[in-house]
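Student: Just so it is clear, I am handing over coords04.cif, which has mmCIF, C-alpha atoms and all ligand atoms.
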```cif
data_entry
#
loop_
_atom_site.group_PDB
_atom_site.id
_atom_site.type_symbol
_atom_site.label_atom_id
_atom_site.label_comp_id
_atom_site.auth_asym_id
_atom_site.auth_seq_id
_atom_site.Cartn_x
_atom_site.Cartn_y
_atom_site.Cartn_z
ATOM 1 C CA MET D 1258 0.000 0.000 0.000
ATOM 2 C CA GLU D 1259 1.164 3.531 -0.825
ATOM 3 C CA LYS D 1260 2.835 5.294 2.115
ATOM 4 C CA ARG D 1261 2.205 8.979 2.800
ATOM 5 C CA ALA D 1262 4.373 11.446 4.685
ATOM 6 C CA ILE D 1263 4.127 15.111 5.547
ATOM 7 C CA ILE D 1264 7.351 17.017 6.018
ATOM 8 C CA ILE D 1265 7.133 20.495 7.522
ATOM 9 C CA GLY D 1266 10.314 22.401 6.625
ATOM 10 C CA ALA D 1267 11.009 20.615 3.341
ATOM 11 C CA THR D 1268 12.245 23.590 1.331
ATOM 12 C CA SER D 1269 15.935 23.057 2.158
ATOM 13 C CA GLY D 1270 18.474 21.058 4.108
ATOM 14 C CA ILE D 1271 17.571 17.861 5.953
ATOM 15 C CA GLY D 1272 13.800 18.128 5.417
ATOM 16 C CA LYS D 1273 14.198 18.566 1.661
ATOM 17 C CA GLN D 1274 16.620 15.648 1.393
ATOM 18 C CA LEU D 1275 14.247 13.459 3.421
ATOM 19 C CA ALA D 1276 11.407 14.390 1.048
ATOM 20 C CA ILE D 1277 13.567 13.395 -1.923
ATOM 21 C CA ASN D 1278 14.542 10.068 -0.310
ATOM 22 C CA LEU D 1279 10.927 9.174 0.435
ATOM 23 C CA LEU D 1280 9.782 10.231 -3.046
ATOM 24 C CA GLN D 1281 12.472 8.025 -4.586
ATOM 25 C CA ASP D 1282 11.090 5.238 -2.415
ATOM 26 C CA ALA D 1283 7.599 5.748 -3.965
ATOM 27 C CA TRP D 1284 6.010 7.584 -1.026
ATOM 28 C CA VAL D 1285 3.482 10.361 -1.557
ATOM 29 C CA VAL D 1286 4.899 13.377 0.245
ATOM 30 C CA GLY D 1287 3.218 16.571 1.449
ATOM 31 C CA VAL D 1288 5.859 19.272 1.722
ATOM 32 C CA ALA D 1289 5.574 22.563 3.575
ATOM 33 C CA GLY D 1290 7.591 25.689 4.246
ATOM 34 C CA ARG D 1291 7.537 29.395 3.501
ATOM 35 C CA ARG D 1292 9.474 29.347 0.198
ATOM 36 C CA GLU D 1293 6.885 28.491 -2.423
ATOM 37 C CA ALA D 1294 9.397 28.291 -5.285
ATOM 38 C CA GLU D 1295 11.212 25.417 -3.556
ATOM 39 C CA LEU D 1296 7.945 23.545 -3.012
ATOM 40 C CA LEU D 1297 6.904 24.056 -6.639
ATOM 41 C CA ALA D 1298 10.298 22.788 -7.831
ATOM 42 C CA LEU D 1299 9.797 19.546 -5.883
ATOM 43 C CA ARG D 1300 6.341 19.130 -7.396
ATOM 44 C CA GLU D 1301 7.713 19.836 -10.862
ATOM 45 C CA ASN D 1302 10.477 17.240 -10.435
ATOM 46 C CA TYR D 1303 8.415 14.405 -8.941
ATOM 47 C CA GLY D 1304 4.891 15.071 -10.235
ATOM 48 C CA ALA D 1305 1.684 16.492 -8.796
ATOM 49 C CA ASP D 1306 0.345 13.010 -7.965
ATOM 50 C CA LYS D 1307 3.332 12.368 -5.686
ATOM 51 C CA VAL D 1308 4.029 15.833 -4.249
ATOM 52 C CA LYS D 1309 1.403 17.911 -2.446
ATOM 53 C CA ILE D 1310 2.424 21.341 -1.255
ATOM 54 C CA ALA D 1311 1.490 23.825 1.454
ATOM 55 C CA VAL D 1312 3.008 27.272 1.755
ATOM 56 C CA MET D 1313 3.071 27.776 5.481
ATOM 57 C CA ASP D 1314 4.741 29.815 8.201
ATOM 58 C CA VAL D 1315 4.613 27.661 11.325
ATOM 59 C CA THR D 1316 4.735 30.737 13.567
ATOM 60 C CA GLN D 1317 1.336 31.855 12.267
ATOM 61 C CA PRO D 1318 -1.982 30.450 13.575
ATOM 62 C CA SER D 1319 -3.042 29.812 9.945
ATOM 63 C CA ALA D 1320 -0.457 26.992 9.766
ATOM 64 C CA GLY D 1321 -2.949 24.634 11.444
ATOM 65 C CA ASP D 1322 -5.552 25.195 8.715
ATOM 66 C CA LYS D 1323 -2.865 24.788 6.056
ATOM 67 C CA LEU D 1324 -1.970 21.435 7.578
ATOM 68 C CA ASP D 1325 -5.630 20.357 7.443
ATOM 69 C CA GLU D 1326 -5.782 21.337 3.756
ATOM 70 C CA LEU D 1327 -2.562 19.459 3.024
ATOM 71 C CA ILE D 1328 -3.883 16.308 4.700
ATOM 72 C CA ALA D 1329 -7.174 16.616 2.795
ATOM 73 C CA SER D 1330 -5.232 16.833 -0.492
ATOM 74 C CA MET D 1331 -3.342 13.580 0.086
ATOM 75 C CA GLY D 1332 -5.242 11.269 2.445
ATOM 76 C CA HIS D 1333 -4.288 9.851 5.840
ATOM 77 C CA PRO D 1334 -0.556 10.448 6.417
ATOM 78 C CA ASP D 1335 1.454 7.588 7.919
ATOM 79 C CA LEU D 1336 4.225 9.931 9.038
ATOM 80 C CA LEU D 1337 4.395 13.554 10.148
ATOM 81 C CA LEU D 1338 7.928 14.904 10.323
ATOM 82 C CA TYR D 1339 8.638 18.341 11.780
ATOM 83 C CA ALA D 1340 11.926 19.615 10.348
ATOM 84 C CA SER D 1341 11.286 23.374 10.506
ATOM 85 C CA GLY D 1342 13.811 25.069 12.682
ATOM 86 C CA ILE D 1343 16.034 28.077 13.095
ATOM 87 C CA GLY D 1344 19.042 28.564 15.295
ATOM 88 C CA LYS D 1345 21.729 31.169 15.676
ATOM 89 C CA GLN D 1346 24.647 31.782 17.936
ATOM 90 C CA ASN D 1347 23.703 34.884 19.880
ATOM 91 C CA PRO D 1348 26.721 36.581 21.495
ATOM 92 C CA SER D 1349 24.852 39.880 21.975
ATOM 93 C CA LEU D 1350 21.887 38.077 23.557
ATOM 94 C CA ASP D 1351 19.569 39.811 21.099
ATOM 95 C CA GLU D 1352 16.139 38.977 22.486
ATOM 96 C CA ASN D 1353 14.556 39.013 19.017
ATOM 97 C CA ILE D 1354 16.780 36.121 17.954
ATOM 98 C CA GLU D 1355 15.838 34.213 21.092
ATOM 99 C CA ILE D 1356 12.108 34.875 20.721
ATOM 100 C CA ASP D 1357 12.038 34.017 16.987
ATOM 101 C CA THR D 1358 13.789 30.749 17.797
ATOM 102 C CA VAL D 1359 11.201 29.911 20.448
ATOM 103 C CA LYS D 1360 8.377 30.711 18.013
ATOM 104 C CA THR D 1361 9.655 28.484 15.212
ATOM 105 C CA ASN D 1362 11.089 25.588 17.177
ATOM 106 C CA CYS D 1363 8.541 25.419 20.026
ATOM 107 C CA GLU D 1364 5.341 27.243 19.121
ATOM 108 C CA GLY D 1365 5.459 25.982 15.521
ATOM 109 C CA MET D 1366 6.148 22.397 16.553
ATOM 110 C CA VAL D 1367 3.337 22.374 19.126
ATOM 111 C CA ARG D 1368 0.902 23.855 16.613
ATOM 112 C CA ILE D 1369 1.696 21.267 13.942
ATOM 113 C CA VAL D 1370 2.201 18.149 16.056
ATOM 114 C CA ASP D 1371 -0.910 18.744 18.192
ATOM 115 C CA LYS D 1372 -3.035 19.357 15.108
ATOM 116 C CA PHE D 1373 -1.798 16.124 13.577
ATOM 117 C CA LEU D 1374 -2.469 14.121 16.755
ATOM 118 C CA GLN D 1375 -6.010 15.517 16.863
ATOM 119 C CA TYR D 1376 -6.393 14.243 13.300
ATOM 120 C CA VAL D 1377 -5.115 10.801 14.331
ATOM 121 C CA ARG D 1378 -7.522 10.755 17.281
ATOM 122 C CA ASP D 1379 -10.442 11.723 15.018
ATOM 123 C CA ASN D 1380 -9.559 9.007 12.477
ATOM 124 C CA ALA D 1381 -8.998 6.259 14.993
ATOM 125 C CA SER D 1382 -10.336 3.433 12.829
ATOM 126 C CA TYR D 1383 -7.690 4.059 10.155
ATOM 127 C CA TYR D 1384 -4.866 4.538 12.625
ATOM 128 C CA ALA D 1385 -5.849 1.480 14.681
ATOM 129 C CA VAL D 1386 -4.586 -0.482 11.669
ATOM 130 C CA HIS D 1387 -1.909 1.925 10.369
ATOM 131 C CA LYS D 1388 -0.288 3.322 13.493
ATOM 132 C CA ALA D 1389 0.784 6.935 12.966
ATOM 133 C CA GLN D 1390 4.379 8.070 13.354
ATOM 134 C CA VAL D 1391 5.418 11.521 14.538
ATOM 135 C CA ALA D 1392 9.044 12.580 14.154
ATOM 136 C CA VAL D 1393 10.733 15.832 15.138
ATOM 137 C CA ILE D 1394 14.266 16.903 14.286
ATOM 138 C CA SER D 1395 15.531 18.242 17.587
ATOM 139 C CA SER D 1396 19.316 18.217 18.090
ATOM 140 C CA VAL D 1397 22.269 17.027 20.117
ATOM 141 C CA ALA D 1398 22.271 20.704 21.216
ATOM 142 C CA GLY D 1399 19.186 19.938 23.317
ATOM 143 C CA THR D 1400 20.965 17.405 25.469
ATOM 144 C CA LYS D 1401 22.869 20.063 27.457
ATOM 145 C CA GLY D 1402 22.460 23.823 27.961
ATOM 146 C CA LEU D 1403 24.828 25.475 25.464
ATOM 147 C CA GLY D 1404 25.832 29.068 26.199
ATOM 148 C CA ALA D 1405 26.788 29.762 22.571
ATOM 149 C CA ALA D 1406 23.145 29.559 21.460
ATOM 150 C CA PRO D 1407 20.875 29.663 24.518
ATOM 151 C CA ALA D 1408 17.451 29.681 22.834
ATOM 152 C CA TYR D 1409 18.463 27.109 20.241
ATOM 153 C CA SER D 1410 19.732 24.712 22.893
ATOM 154 C CA ALA D 1411 16.738 25.238 25.194
ATOM 155 C CA THR D 1412 14.135 24.940 22.429
ATOM 156 C CA LYS D 1413 15.691 21.673 21.281
ATOM 157 C CA LYS D 1414 15.451 20.365 24.848
ATOM 158 C CA MET D 1415 11.815 21.432 24.920
ATOM 159 C CA GLN D 1416 11.148 19.515 21.698
ATOM 160 C CA SER D 1417 12.631 16.320 23.138
ATOM 161 C CA THR D 1418 10.749 16.658 26.427
ATOM 162 C CA TYR D 1419 7.516 17.410 24.594
ATOM 163 C CA LEU D 1420 7.823 14.157 22.671
ATOM 164 C CA VAL D 1421 8.301 12.200 25.906
ATOM 165 C CA ALA D 1422 5.179 13.850 27.322
ATOM 166 C CA LEU D 1423 3.166 13.248 24.152
ATOM 167 C CA SER D 1424 4.238 9.632 23.995
ATOM 168 C CA GLN D 1425 2.830 9.130 27.489
ATOM 169 C CA PHE D 1426 -0.239 11.259 26.657
ATOM 170 C CA CYS D 1427 -1.058 9.139 23.612
ATOM 171 C CA ARG D 1428 -0.889 5.955 25.669
ATOM 172 C CA MET D 1429 -3.174 7.554 28.269
ATOM 173 C CA GLN D 1430 -5.645 8.692 25.593
ATOM 174 C CA LYS D 1431 -5.286 5.567 23.425
ATOM 175 C CA ILE D 1432 -4.147 7.591 20.397
ATOM 176 C CA PRO D 1433 -2.221 5.187 18.143
ATOM 177 C CA ALA D 1434 1.028 7.049 17.470
ATOM 178 C CA ASP D 1435 4.747 6.289 17.757
ATOM 179 C CA PHE D 1436 7.358 9.000 18.230
ATOM 180 C CA THR D 1437 10.865 9.482 16.899
ATOM 181 C CA ASP D 1438 13.159 12.141 18.330
ATOM 182 C CA ILE D 1439 15.879 12.818 15.752
ATOM 183 C CA ARG D 1440 18.970 14.403 17.278
ATOM 184 C CA PRO D 1441 21.658 15.120 14.677
ATOM 185 C CA GLY D 1442 25.126 16.438 15.389
ATOM 186 C CA PHE D 1443 26.429 18.833 12.706
ATOM 187 C CA VAL D 1444 24.960 18.458 9.214
ATOM 188 C CA ALA D 1445 26.117 20.644 6.302
ATOM 189 C CA THR D 1446 23.036 22.802 5.670
ATOM 190 C CA ALA D 1447 22.171 26.503 5.517
ATOM 191 C CA ILE D 1448 21.452 26.620 9.252
ATOM 192 C CA LEU D 1449 25.193 26.519 9.980
ATOM 193 C CA ASN D 1450 27.404 29.592 9.775
ATOM 194 C CA PRO D 1451 29.357 29.237 6.489
ATOM 195 C CA ASN D 1452 32.340 31.067 8.019
ATOM 196 C CA LYS D 1453 32.811 28.588 10.851
ATOM 197 C CA HIS D 1454 34.408 25.181 11.093
ATOM 198 C CA TYR D 1455 32.232 22.424 12.549
ATOM 199 C CA PRO D 1456 33.740 19.201 13.891
ATOM 200 C CA MET D 1457 32.370 15.816 12.781
ATOM 201 C CA LEU D 1458 30.304 17.478 10.026
ATOM 202 C CA MET D 1459 28.075 15.123 8.023
ATOM 203 C CA THR D 1460 26.644 15.551 4.524
ATOM 204 C CA VAL D 1461 22.900 16.068 4.263
ATOM 205 C CA GLU D 1462 22.599 12.949 2.082
ATOM 206 C CA LYS D 1463 24.208 10.753 4.732
ATOM 207 C CA ALA D 1464 22.097 12.311 7.491
ATOM 208 C CA ALA D 1465 18.895 11.664 5.520
ATOM 209 C CA ASP D 1466 19.868 8.010 4.912
ATOM 210 C CA ILE D 1467 20.419 7.488 8.642
ATOM 211 C CA ILE D 1468 17.110 9.182 9.485
ATOM 212 C CA VAL D 1469 15.108 7.111 6.978
ATOM 213 C CA ARG D 1470 16.602 3.898 8.430
ATOM 214 C CA GLY D 1471 15.720 5.057 11.958
ATOM 215 C CA LEU D 1472 12.187 5.976 10.900
ATOM 216 C CA ARG D 1473 11.675 2.549 9.311
ATOM 217 C CA ARG D 1474 12.692 0.908 12.598
ATOM 218 C CA ARG D 1475 10.457 3.380 14.472
ATOM 219 C CA GLN D 1476 13.443 4.159 16.648
ATOM 220 C CA ARG D 1477 12.333 6.276 19.610
ATOM 221 C CA VAL D 1478 15.516 8.399 19.856
ATOM 222 C CA LEU D 1479 18.054 8.727 17.076
ATOM 223 C CA ILE D 1480 21.383 10.429 17.880
ATOM 224 C CA PHE D 1481 23.996 10.426 15.124
ATOM 225 C CA ASP D 1482 26.654 9.709 14.325
ATOM 226 C CA TRP D 1483 28.266 7.398 16.880
ATOM 227 C CA ARG D 1484 30.782 10.097 17.880
ATOM 228 C CA PHE D 1485 27.935 12.349 18.958
ATOM 229 C CA ARG D 1486 26.375 9.463 20.872
ATOM 230 C CA LEU D 1487 29.666 9.140 22.761
ATOM 231 C CA LEU D 1488 29.898 12.908 23.296
ATOM 232 C CA VAL D 1489 26.358 13.063 24.695
ATOM 233 C CA ALA D 1490 27.002 10.096 26.994
ATOM 234 C CA PHE D 1491 30.160 11.802 28.217
ATOM 235 C CA TRP D 1492 28.799 15.286 28.828
ATOM 236 C CA ASN D 1493 25.726 13.904 30.564
ATOM 237 C CA LEU D 1494 28.139 12.670 33.238
ATOM 238 C CA ILE D 1495 29.322 16.231 33.929
ATOM 239 C CA PRO D 1496 27.479 17.784 36.892
ATOM 240 C CA THR D 1497 25.632 21.027 36.077
ATOM 241 C CA CYS D 1498 27.655 23.039 38.627
ATOM 242 C CA LEU D 1499 30.815 22.074 36.718
ATOM 243 C CA TRP D 1500 29.261 22.360 33.250
ATOM 244 C CA GLU D 1501 28.272 25.992 33.891
ATOM 245 C CA ARG D 1502 31.930 26.839 34.493
ATOM 246 C CA LEU D 1503 33.117 25.374 31.171
ATOM 247 C CA THR D 1504 33.719 28.240 28.753
ATOM 248 C CA MET D 1505 35.492 26.497 25.880
ATOM 249 C CA PHE D 1506 32.389 26.463 23.594
ATOM 250 C CA LYS D 1507 32.665 30.226 23.005
ATOM 251 C CA ASN D 1508 30.734 32.208 20.365
HETATM 252 N N1 LIG H 1 22.209 21.212 10.209
HETATM 253 C C1 LIG H 1 22.559 20.845 11.422
HETATM 254 O O1 LIG H 1 23.751 20.796 11.786
HETATM 255 C C2 LIG H 1 21.491 20.466 12.411
HETATM 256 C C3 LIG H 1 21.886 19.784 13.575
HETATM 257 C C4 LIG H 1 20.917 19.430 14.506
HETATM 258 C C5 LIG H 1 19.584 19.721 14.263
HETATM 259 N N2 LIG H 1 19.228 20.369 13.117
HETATM 260 C C6 LIG H 1 17.812 20.690 12.931
HETATM 261 O O2 LIG H 1 17.365 20.191 11.707
HETATM 262 C C7 LIG H 1 16.209 20.936 11.288
HETATM 263 C C8 LIG H 1 16.361 21.276 9.809
HETATM 264 O O3 LIG H 1 17.401 22.234 9.676
HETATM 265 P P1 LIG H 1 18.448 22.191 8.475
HETATM 266 O O4 LIG H 1 19.763 21.926 9.062
HETATM 267 O O5 LIG H 1 17.957 21.332 7.388
HETATM 268 O O6 LIG H 1 18.440 23.738 8.064
HETATM 269 P P2 LIG H 1 17.743 24.539 6.879
HETATM 270 O O7 LIG H 1 18.260 24.071 5.554
HETATM 271 O O8 LIG H 1 17.917 25.962 7.228
HETATM 272 O O9 LIG H 1 16.198 24.112 6.964
HETATM 273 C C9 LIG H 1 15.319 24.728 7.837
HETATM 274 C C10 LIG H 1 13.899 24.468 7.354
HETATM 275 O O10 LIG H 1 13.011 25.072 8.314
HETATM 276 C C11 LIG H 1 12.028 25.791 7.601
HETATM 277 N N3 LIG H 1 11.509 26.907 8.410
HETATM 278 C C12 LIG H 1 12.208 27.830 9.091
HETATM 279 N N4 LIG H 1 11.368 28.746 9.630
HETATM 280 C C13 LIG H 1 10.112 28.354 9.273
HETATM 281 C C14 LIG H 1 8.812 28.886 9.487
HETATM 282 N N5 LIG H 1 8.621 30.008 10.210
HETATM 283 N N6 LIG H 1 7.758 28.243 8.954
HETATM 284 C C15 LIG H 1 7.921 27.108 8.233
HETATM 285 N N7 LIG H 1 9.121 26.552 7.993
HETATM 286 C C16 LIG H 1 10.201 27.183 8.491
HETATM 287 C C17 LIG H 1 12.738 26.308 6.359
HETATM 288 O O11 LIG H 1 11.781 26.579 5.361
HETATM 289 P P3 LIG H 1 11.388 28.064 4.854
HETATM 290 O O12 LIG H 1 12.556 28.973 5.104
HETATM 291 O O13 LIG H 1 11.075 27.881 3.398
HETATM 292 O O14 LIG H 1 10.180 28.425 5.623
HETATM 293 C C18 LIG H 1 13.596 25.103 6.010
HETATM 294 O O15 LIG H 1 12.861 24.211 5.191
HETATM 295 C C19 LIG H 1 16.147 22.154 12.221
HETATM 296 O O16 LIG H 1 15.169 21.947 13.207
HETATM 297 C C20 LIG H 1 17.520 22.172 12.860
HETATM 298 O O17 LIG H 1 17.489 22.757 14.136
HETATM 299 C C21 LIG H 1 20.145 20.740 12.184
#
```
Taking this structure as input, can you express it in the form of structure tokens?
Ligand SMILES: NC(=O)c1ccc[n+]([C@@H]2O[C@H](COP(=O)([O-])OP(=O)(O)OC[C@H]3O[C@@H](n4cnc5c(N)ncnc54)[C@H](OP(=O)(O)O)[C@@H]3O)[C@@H](O)[C@H]2O)c1
Tutor:
Amino acid sequence: MEKRAIIIGATSGIGKQLAINLLQDAWVVGVAGRREAELLALRENYGADKVKIAVMDVTQPSAGDKLDELIASMGHPDLLLYASGIGKQNPSLDENIEIDTVKTNCEGMVRIVDKFLQYVRDNASYYAVHKAQVAVISSVAGTKGLGAAPAYSATKKMQSTYLVALSQFCRMQKIPADFTDIRPGFVATAILNPNKHYPMLMTVEKAADIIVRGLRRRQRVLIFDWRFRLLVAFWNLIPTCLWERLTMFKN
């Protein structure tokens, strides 16, 4: 049976590459983001029967209605993947950068994921057979408070914690959904500062391959690559009182 996915934030980077991978694997994919030209290019390349589009700004309340329209245009999605995100180092502690980050990474995610789970709840007979999957690209940056990018780090933590809470919520409410928390290390996309060097940088193609494999296995948490898994295990051992004194990750 044909599989259907919605990817929010599919106009560039990891979300776009994931859309391409799924399309090449014969999925029908609903793609969303603010840049209409990028969405139209995907539709042009893979065909209007395979690619459904929604121009959407996740920080706006209208994004929920746009999601409804996207679902109506393609049928019950098997997978909802939230890839929209922004993040900046913020040495001047510009509050606008912090607030915009909260709006996109937290408010946007809550708006989209909650709307989708309401849809799953309201279509319980379908999802009793085809269990829904919700995936969010959070980050390794959410596993510890990082002073170089406070809002980015904290919003990524919020995303991960929200998925834990929703996973429990769905069991309580008998909503048939699995969750995947995708936590990449550094991936070469436009979100990174082109003038900086990033250790253990991965190509977007490799990252998307790893994510698709993890999604197929319905892996609950996906940290990659193995060096970042080690790093996270190591820094989780560092007590907060010591961590707050470490200043080597400067802006
Ligand atoms: N690259 C990395 O090293 C890395 C590491 C860990 C986690 N991540 C996470 O991976 C996710 C994808 O980022 P990326 O690396 O692929 O960067 P990217 O190429 O900049 O992609 C970001 C995506 O988010 C969308 N987006 C941003 N603001 C939006 C808004 N208001 N409404 C709707 N969509 C919005 C963008 O679409 P439009 O601009 O068209 O709206 C774009 O499709 C992010 O959540 C990021 O935090 C990335």
Student: Sorted by chain and rising residue number, list the residues of chain D at most 6 Å from ligand LIG 1 (chain H) (counting all atoms listed in the file), each with its closest atom pair and distance in Å to one decimal, as a tab-separated table.
Tutor:
```
residue	atom	partner	partner_atom	distance
D:Gly1266	CA	H:LIG1	O15	3.4
D:Ala1267	CA	H:LIG1	O15	4.4
D:Thr1268	CA	H:LIG1	O15	4.0
D:Ser1269	CA	H:LIG1	O7	4.2
D:Gly1270	CA	H:LIG1	O5	3.3
D:Ile1271	CA	H:LIG1	O5	3.8
D:Gly1272	CA	H:LIG1	O5	5.6
D:Gly1290	CA	H:LIG1	O14	4.0
D:Arg1291	CA	H:LIG1	O14	3.5
D:Arg1292	CA	H:LIG1	O13	3.9
D:Met1313	CA	H:LIG1	C15	5.6
D:Asp1314	CA	H:LIG1	N6	3.5
D:Val1315	CA	H:LIG1	N6	4.0
D:Thr1316	CA	H:LIG1	N5	5.2
D:Ala1340	CA	H:LIG1	C7	4.6
D:Ser1341	CA	H:LIG1	O10	3.3
D:Gly1342	CA	H:LIG1	O16	3.4
D:Ile1343	CA	H:LIG1	C12	5.5
D:Thr1361	CA	H:LIG1	N5	5.3
D:Ile1394	CA	H:LIG1	O2	5.2
D:Ser1395	CA	H:LIG1	C5	5.4
D:Ser1396	CA	H:LIG1	C4	4.1
D:Pro1441	CA	H:LIG1	C4	4.4
D:Gly1442	CA	H:LIG1	C3	5.0
D:Phe1443	CA	H:LIG1	O1	3.4
D:Val1444	CA	H:LIG1	O1	3.7
D:Ala1445	CA	H:LIG1	N1	5.6
D:Thr1446	CA	H:LIG1	O4	4.8
D:Ala1447	CA	H:LIG1	O7	4.6
D:Ile1448	CA	H:LIG1	O8	4.1
```
Student: Take the residues from that selection and put them in a file with C-alpha atoms, as a CSV table (one decimal), in the coordinates of the input.
Tutor:
```csv
chain,number,residue,atom,x,y,z
D,1266,GLY,CA,10.3,22.4,6.6
D,1267,ALA,CA,11.0,20.6,3.3
D,1268,THR,CA,12.2,23.6,1.3
D,1269,SER,CA,15.9,23.1,2.2
D,1270,GLY,CA,18.5,21.1,4.1
D,1271,ILE,CA,17.6,17.9,6.0
D,1272,GLY,CA,13.8,18.1,5.4
D,1290,GLY,CA,7.6,25.7,4.2
D,1291,ARG,CA,7.5,29.4,3.5
D,1292,ARG,CA,9.5,29.3,0.2
D,1313,MET,CA,3.1,27.8,5.5
D,1314,ASP,CA,4.7,29.8,8.2
D,1315,VAL,CA,4.6,27.7,11.3
D,1316,THR,CA,4.7,30.7,13.6
D,1340,ALA,CA,11.9,19.6,10.3
D,1341,SER,CA,11.3,23.4,10.5
D,1342,GLY,CA,13.8,25.1,12.7
D,1343,ILE,CA,16.0,28.1,13.1
D,1361,THR,CA,9.7,28.5,15.2
D,1394,ILE,CA,14.3,16.9,14.3
D,1395,SER,CA,15.5,18.2,17.6
D,1396,SER,CA,19.3,18.2,18.1
D,1441,PRO,CA,21.7,15.1,14.7
D,1442,GLY,CA,25.1,16.4,15.4
D,1443,PHE,CA,26.4,18.8,12.7
D,1444,VAL,CA,25.0,18.5,9.2
D,1445,ALA,CA,26.1,20.6,6.3
D,1446,THR,CA,23.0,22.8,5.7
D,1447,ALA,CA,22.2,26.5,5.5
D,1448,ILE,CA,21.5,26.6,9.3
```
Student: If we count only C-alpha atoms and set the cut-off at 12 Å, which residues sit around range 1423-1429 of chain D, ignoring sequence neighbours fewer than 3 positions away in its own chain? Please answer as a ChimeraX atom specification.
Tutor: /D:1367,1370-1371,1374-1375,1377-1378,1388-1392,1415-1420,1432-1438,1477
Student: For the point (20.8, 8.1, 2.7) in file coordinates, what residues are within 12 Å, counting all atoms listed in the file? Give the answer as a PyMOL selection string?
Tutor: chain D and resi 1271+1274-1279+1281-1282+1459-1471
Student: To test your reading of the syntax: which residues would the PyMOL selection byres (((chain D and resi 1336) around 7) and not hetatm) return for the file shown? Reply as a short mmCIF file (atom, residue, chain, number, x, y, z; two decimals) with C-alpha atoms, keeping the file's coordinate frame.
Tutor:
```cif
data_model
loop_
_atom_site.label_atom_id
_atom_site.label_comp_id
_atom_site.auth_asym_id
_atom_site.auth_seq_id
_atom_site.Cartn_x
_atom_site.Cartn_y
_atom_site.Cartn_z
CA ARG D 1261 2.20 8.98 2.80
CA ALA D 1262 4.37 11.45 4.68
CA ILE D 1263 4.13 15.11 5.55
CA PRO D 1334 -0.56 10.45 6.42
CA ASP D 1335 1.45 7.59 7.92
CA LEU D 1337 4.39 13.55 10.15
CA LEU D 1338 7.93 14.90 10.32
CA ALA D 1389 0.78 6.94 12.97
CA GLN D 1390 4.38 8.07 13.35
CA VAL D 1391 5.42 11.52 14.54
#
```
Student: Please provide the set of residues having any atom within 10 Å of Asn1347 in chain D, restricted to all atoms listed in the file, with same-chain residues fewer than 5 positions apart removed, written as a ChimeraX atom specification.
Tutor: /D:1352,1354-1355,1404-1409,1508
Student: So what does the PyMOL selection byres (((chain D and resi 1322) around 12) and not hetatm) actually pick up in this one, as a ChimeraX atom specification?
Tutor: /D:1311-1315,1317-1321,1323-1329,1368-1369,1372-1373,1376
Student: When distances are computed from all atoms listed in the file, which of D:Leu1403, D:Phe1485, D:Tyr1383, D:Glu1501 shows the smallest separation from Pro1348 in chain D?
Tutor: D:Leu1403
Student: Could you check which of D:Val1386, D:Ile1310, D:Asn1452, D:Ala1305 is closest to Ile1264 in chain D, using all atoms listed in the file?
Tutor: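 Looking only at the distances to Ile1264 in chain D, the closest residue turns out to be D:Ile1310.
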Student: Please indicate the distance in Å from CA of Lys1431 in chain D to CA of Ala1385 in chain D, rounded to one decimal place.
Tutor: 9.7 Å
Student: So how many Å separate CA of Gly1344 in chain D and CA of Lys1413 in chain D, to one decimal?
Tutor: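 These atoms are spaced 9.7 Å apart.
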Student: In Å, with one decimal, what is the gap from CA of Gln1476 in chain D to CA of Asp1306 in chain D?
Tutor: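 Those two atoms sit 29.3 Å apart.
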Student: Give the padded box for range 1423-1432 of chain D as JSON: axis-aligned, covering all atoms listed in the file, 3 Å on each side, centre and edge lengths in Å to one decimal.
Tutor:
```
{"center_x": -0.7, "center_y": 9.4, "center_z": 24.3, "size_x": 15.9, "size_y": 13.7, "size_z": 13.9}
```
Student: Could you check the closest approach to Leu1458 in chain D for each of D:Arg1473, D:His1387, D:Arg1484, D:Arg1440 and tell me which residue wins, using all atoms listed in the file?
Tutor: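 Ranking D:Arg1473, D:His1387, D:Arg1484, D:Arg1440 by distance to Leu1458 in chain D, first place goes to D:Arg1484.
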Student: Written as a PDB file with C-alpha atoms, keeping the file's coordinate frame, what is the full residue list that the PyMOL selection byres (((chain D and resi 1479) around 6) and not hetatm) yields on the file shown?
Tutor:
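And here's expr-v2.pdb as it stands now:
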```pdb
ATOM      1  CA  ILE D1439      15.879  12.818  15.752  1.00  0.00           C
ATOM      2  CA  ARG D1440      18.970  14.403  17.278  1.00  0.00           C
ATOM      3  CA  VAL D1478      15.516   8.399  19.856  1.00  0.00           C
ATOM      4  CA  ILE D1480      21.383  10.429  17.880  1.00  0.00           C
TER       5      ILE D1480
END
```
Student: Which one is closest to Pro1496 in chain D: D:Pro1451, D:Val1421, D:Gly1402, D:Ala1411? Count all atoms listed in the file.
Tutor: D:Gly1402
Student: Select, from D:Ala1289, D:Leu1280, D:Leu1449, D:Leu1499, the residue with the minimum atom-to-atom distance to Gln1346 in chain D, counting only C-alpha atoms.
Tutor: D:Leu1449
